[in-house]
Every structure is written in C-alpha cells, then in structure tokens.
Amino acid sequence: MRIPQRRIGRDGPATGVLSLGSWHTFDRMDFREAVSMLQTAVDAGIGLFDVGVYGLPGAPPVFTDVLFSAMVRAAGLRREDYLLSAKLWLEGYPEHSLRAQLENAFFRAGVSHADLVILGDLRRDDTDLHALVTDLAALHSAGLIGQWGVNNWSAPAIRAVHDFAAADGVPGPAIAQLKYSVARRSIPDGAPFASVFGELGVSLQASDVFEGGVLLGKGGRQVGRDPGDVRQRIAGSAADLAKVAESVGATPAQLCLAFTLTHPATTTTLFGATSVRQLEDNLAAVTLVERIGAADLRELVEPFWADKDAVDPEGP
C-alpha cells in the first residue's frame, strides 16, 4: 500500500504520514533485514528518515546513523529518493556550533545536505534564540539544510524564533517534533499549540508514540524523558490498550499510530521498527483511521490519556 502524503510546514516538500528512524532503530536488527525494511518503507511512501547522531557522553557509542548510510547504498537508493532529518543539539551551543555538528552528521550518514534539521530540547533560558535563527539561515543559504524545526519546545519559544525569522526575512520553524500518544497528548492538543499550528503554519511531527515500547507492553529499552512522571501509569494501561485494539481488529501499535494521525496538524508520525513484518503491520494504521473515523478513534482511546493535567510551559 502507498500511504498518503502531507506537506511539511506551509511550503515544504510532501512526505508520507509515517516516518521512520530515531534513537536505536537500525542498530537493533540484522543488516539484511534493515535494508529490506528500508526498501519496503520507500516503496510504501515513507520518505522521511530520522538519522541523528544520538550518542551520549559516557555512554556506549551509537551507530544507527552510520548503518543508515550503508543501508542506503545496499538498497541502491539515490539521494533524491528520500528526505533526511538530522538532529542538532543545543547542549554546549554556541561553543559547539551548529555547522560543526552538521558536518559531523553528514560525515557519519554519508550525505552532503539535510532536507530537515530538528533542534534538540531547549533546556536553558539564556539560549540566544535570535542567534540560532541567524545560524540556521546561514546553513540554509549555504545549501546545507532545507527546512528546520524543534523538538519538545514550548509554544512561546517557537513563536519567539518564528518572530525573529519573520523580522529578518529568513526561514522560520516549519515543524515541531512533540511527544504525542494515546497517553501523552495534553501539550500538542492544548490551546498554545493550536495557535502555533494554525497561525504560524508549523506542522506536527508526532514522536514517542509507543513510549519506548511501554504502551505495547514491552520494557527494558532506553527511553526518553518522562514529563509529568506518568510512565508507570502508562505501563499499567498496556494490557487494557491491547484489549481495545483487539476489539477493533488492530494491534496496539496500529492503534497508537492511528491516533496520532487524527490530529489536524500532523504531517508525519515518527516511529521505529525492527523488521519488515513489523513495518508492514504498522502501515495498516493509516487504513484504521479511515475505517473507524477520527472522532470515534479518539473517543476509543480516551481512557488511556495519562497526562490530562499537563500544560505547555511558559518558558523554554
């Protein structure tokens, strides 16, 4: 099946409503299987791949982005056959420049440009947002990046960089990568982000849709931060979520993915898979939305909403 395509931001390229990659995706599977999965994804209309440099200081090295470069060669893909999304981290910025990070990412992934870059979490309130916009504009002018977006920033921070970009006449944020799942949804669904999506034309890229496998009844894998300390509550709901999914002829993963596609601002949902079969099963999430209907699907998973009291922070 070919999945629908949606545009990134107001004037960006179209990409599939599902995207593939992230933290430990390609380094958890057999290489031949990974190449087959990449070919299957592209054939199905998945064109955006997250291949950031995800290594942490003091932790074992991570090679998922390096493996991706080998997968592309083995699959015989041309650079124009896919869109590459790279991460730029703000820890140590501006001493560790965006350009230096990008050049390292390109070296590891075997590419010369990124179609999209995502700025990592904004953890400090003294980060010079105007300087960030200026640096990103220089990377764009040099042909090193296409569009750019942010990961788990607050709505006011996104509006701030948008306003700096508009005043300078340079590209602003096109997409916000946010934690969004049947369990963790208050911030993307809240009023502050409604204006970001509507007024500013910023797209939503849903991420952490399985909570690192916790929503699927799995555990033991390294996962991201837990805003609101609700992960234990989420883990406790996995068995009931599986029953609800079974009642509509779906897997828990399909139900989780389908939910994210009901948000009107969602351009694409990022997830990881470790086999061709798993990928093919997850593609059926698209038809699940069509079969059940967005409103009914959202009502179906309402009991699993674990962060109802969460609000978008006022600061970074």
# chains A, B, ... in the order shown; residues from 1 in each chain; ligands from 1
$ residues_around --residues "Pro173 in chain A" --least-positions-apart "5" --cutoff "12 Å" --atoms "only C-alpha atoms" --output "ChimeraX atom specification"
/A:8-12,116-119,129,132-133,136-137,146-151,153,155,157-166,196-197,200-204
$ residues_around --residues "Val66 in chain A" --least-positions-apart "3" --cutoff "12 Å" --atoms "only C-alpha atoms" --output "list in words"
His24, Thr25, Phe26, Asp27, Phe31, Val51, Gly52, Val53, Tyr54, Gly55, Pro61, Val62, Phe63, Ser69, Ala70, Met71, Val72, Arg73, Asn104, Ala105, Phe106, Phe107, Arg108, Ala109, Gly110 and Val111 of chain A
$ write_last_selection --atoms "C-alpha atoms" --output "PDB file, in the first residue's frame"
ATOM      1  CA  HIS A  24      18.237   2.890  18.291  1.00  0.00           C
ATOM      2  CA  THR A  25      16.230   1.858  15.245  1.00  0.00           C
ATOM      3  CA  PHE A  26      18.757   0.393  12.830  1.00  0.00           C
ATOM      4  CA  ASP A  27      21.326  -0.898  15.327  1.00  0.00           C
ATOM      5  CA  PHE A  31      21.629  -5.625   8.444  1.00  0.00           C
ATOM      6  CA  VAL A  51      19.169   9.688  11.263  1.00  0.00           C
ATOM      7  CA  GLY A  52      20.521  11.943  14.004  1.00  0.00           C
ATOM      8  CA  VAL A  53      23.761  11.427  15.923  1.00  0.00           C
ATOM      9  CA  TYR A  54      22.334  10.069  19.170  1.00  0.00           C
ATOM     10  CA  GLY A  55      25.427   9.195  21.208  1.00  0.00           C
ATOM     11  CA  PRO A  61      28.701   4.655  21.004  1.00  0.00           C
ATOM     12  CA  VAL A  62      25.629   4.568  18.791  1.00  0.00           C
ATOM     13  CA  PHE A  63      25.893   3.736  15.094  1.00  0.00           C
ATOM     14  CA  SER A  69      24.355   5.210   5.136  1.00  0.00           C
ATOM     15  CA  ALA A  70      25.293   1.594   4.411  1.00  0.00           C
ATOM     16  CA  MET A  71      21.622   0.629   4.115  1.00  0.00           C
ATOM     17  CA  VAL A  72      21.041   3.331   1.508  1.00  0.00           C
ATOM     18  CA  ARG A  73      23.947   2.060  -0.579  1.00  0.00           C
ATOM     19  CA  ASN A 104      29.904  15.505  11.604  1.00  0.00           C
ATOM     20  CA  ALA A 105      26.364  14.203  10.999  1.00  0.00           C
ATOM     21  CA  PHE A 106      26.896  14.376   7.235  1.00  0.00           C
ATOM     22  CA  PHE A 107      30.208  12.514   7.500  1.00  0.00           C
ATOM     23  CA  ARG A 108      28.573   9.726   9.505  1.00  0.00           C
ATOM     24  CA  ALA A 109      25.462   9.458   7.317  1.00  0.00           C
ATOM     25  CA  GLY A 110      27.313   9.788   4.006  1.00  0.00           C
ATOM     26  CA  VAL A 111      25.342  12.813   2.746  1.00  0.00           C
TER      27      VAL A 111
END
$ select_by_dssp --residues "range 150-287 of chain A" --states "helix (DSSP H, G or I)" --output "number ranges by chain"
A: 155-168, 186-189, 191-198, 211-216, 231-236, 238-247, 252-260, 276-283, 285-287
$ closest_residue --among "A:Ile234, A:Ala265, A:Ser36, A:Arg184" --to "Glu199 in chain A" --atoms "only C-alpha atoms"
A:Ala265
$ atom_distance --atom1 "CA of Gly45 in chain A" --atom2 "CA of Ala206 in chain A"
17.4 Å
$ atom_distance --atom1 "CA of Gly92 in chain A" --atom2 "CA of Val170 in chain A"
24.3 Å
$ closest_residue --among "A:Arg7, A:Arg28, A:Lys308, A:Arg2" --to "Thr64 in chain A" --atoms "only C-alpha atoms"
A:Arg28
$ atom_distance --atom1 "CA of Asp50 in chain A" --atom2 "CA of Ser19 in chain A"
7.7 Å
$ residues_around --residues "Val42 in chain A" --least-positions-apart "3" --cutoff "10 Å" --atoms "only C-alpha atoms" --output "PyMOL selection string"
chain A and resi 2+16+19+37-39+45-49+77+81-82
$ residues_around --residues "Trp89 in chain A" --least-positions-apart "4" --cutoff "9 Å" --atoms "only C-alpha atoms" --output "PyMOL selection string"
chain A and resi 93+96+98+101+118-122
$ write_last_selection --atoms "N, CA and C atoms" --output "PDB file, in the first residue's frame"
ATOM      1  N   TYR A  93      25.919  24.793  22.942  1.00  0.00           N
ATOM      2  CA  TYR A  93      25.800  25.858  21.947  1.00  0.00           C
ATOM      3  C   TYR A  93      25.942  27.213  22.651  1.00  0.00           C
ATOM      4  N   HIS A  96      29.846  24.813  20.700  1.00  0.00           N
ATOM      5  CA  HIS A  96      29.776  23.730  19.724  1.00  0.00           C
ATOM      6  C   HIS A  96      28.791  24.167  18.637  1.00  0.00           C
ATOM      7  N   LEU A  98      26.458  24.846  15.321  1.00  0.00           N
ATOM      8  CA  LEU A  98      25.524  24.029  14.554  1.00  0.00           C
ATOM      9  C   LEU A  98      26.205  23.468  13.306  1.00  0.00           C
ATOM     10  N   GLN A 101      28.439  20.462  14.120  1.00  0.00           N
ATOM     11  CA  GLN A 101      27.593  19.294  14.375  1.00  0.00           C
ATOM     12  C   GLN A 101      27.060  18.707  13.074  1.00  0.00           C
ATOM     13  N   ILE A 118      16.279  19.164  13.047  1.00  0.00           N
ATOM     14  CA  ILE A 118      15.460  19.370  14.234  1.00  0.00           C
ATOM     15  C   ILE A 118      16.378  19.790  15.384  1.00  0.00           C
ATOM     16  N   LEU A 119      16.102  20.950  15.975  1.00  0.00           N
ATOM     17  CA  LEU A 119      16.863  21.402  17.128  1.00  0.00           C
ATOM     18  C   LEU A 119      16.402  20.635  18.360  1.00  0.00           C
ATOM     19  N   GLY A 120      17.357  20.117  19.125  1.00  0.00           N
ATOM     20  CA  GLY A 120      17.025  19.343  20.315  1.00  0.00           C
ATOM     21  C   GLY A 120      16.409  20.179  21.417  1.00  0.00           C
ATOM     22  N   ASP A 121      16.093  19.545  22.517  1.00  0.00           N
ATOM     23  CA  ASP A 121      15.398  20.189  23.631  1.00  0.00           C
ATOM     24  C   ASP A 121      16.075  21.497  24.043  1.00  0.00           C
ATOM     25  N   LEU A 122      15.255  22.490  24.325  1.00  0.00           N
ATOM     26  CA  LEU A 122      15.734  23.792  24.787  1.00  0.00           C
ATOM     27  C   LEU A 122      15.713  23.766  26.318  1.00  0.00           C
TER      28      LEU A 122
END
$ closest_residue --among "A:Thr266, A:Gln5, A:His113, A:Val276" --to "Gly198 in chain A" --atoms "only C-alpha atoms"
A:Thr266
$ closest_residue --among "A:Asp135, A:Asp30, A:Glu211, A:Asp128" --to "Ser97 in chain A" --atoms "only C-alpha atoms"
A:Asp135
$ closest_residue --among "A:Leu288, A:Ala191, A:Val182, A:Leu283" --to "Val301 in chain A" --atoms "only C-alpha atoms"
A:Val182
$ closest_residue --among "A:Asp309, A:Phe259, A:His130, A:Val214" --to "Val286 in chain A" --atoms "only C-alpha atoms"
A:Phe259
$ residues_around --residues "Leu241 in chain A" --least-positions-apart "3" --cutoff "10 Å" --atoms "only C-alpha atoms" --output "PyMOL selection string"
chain A and resi 182+215-217+234+236-238+244-247+251-253+255-256+300-301+303-304
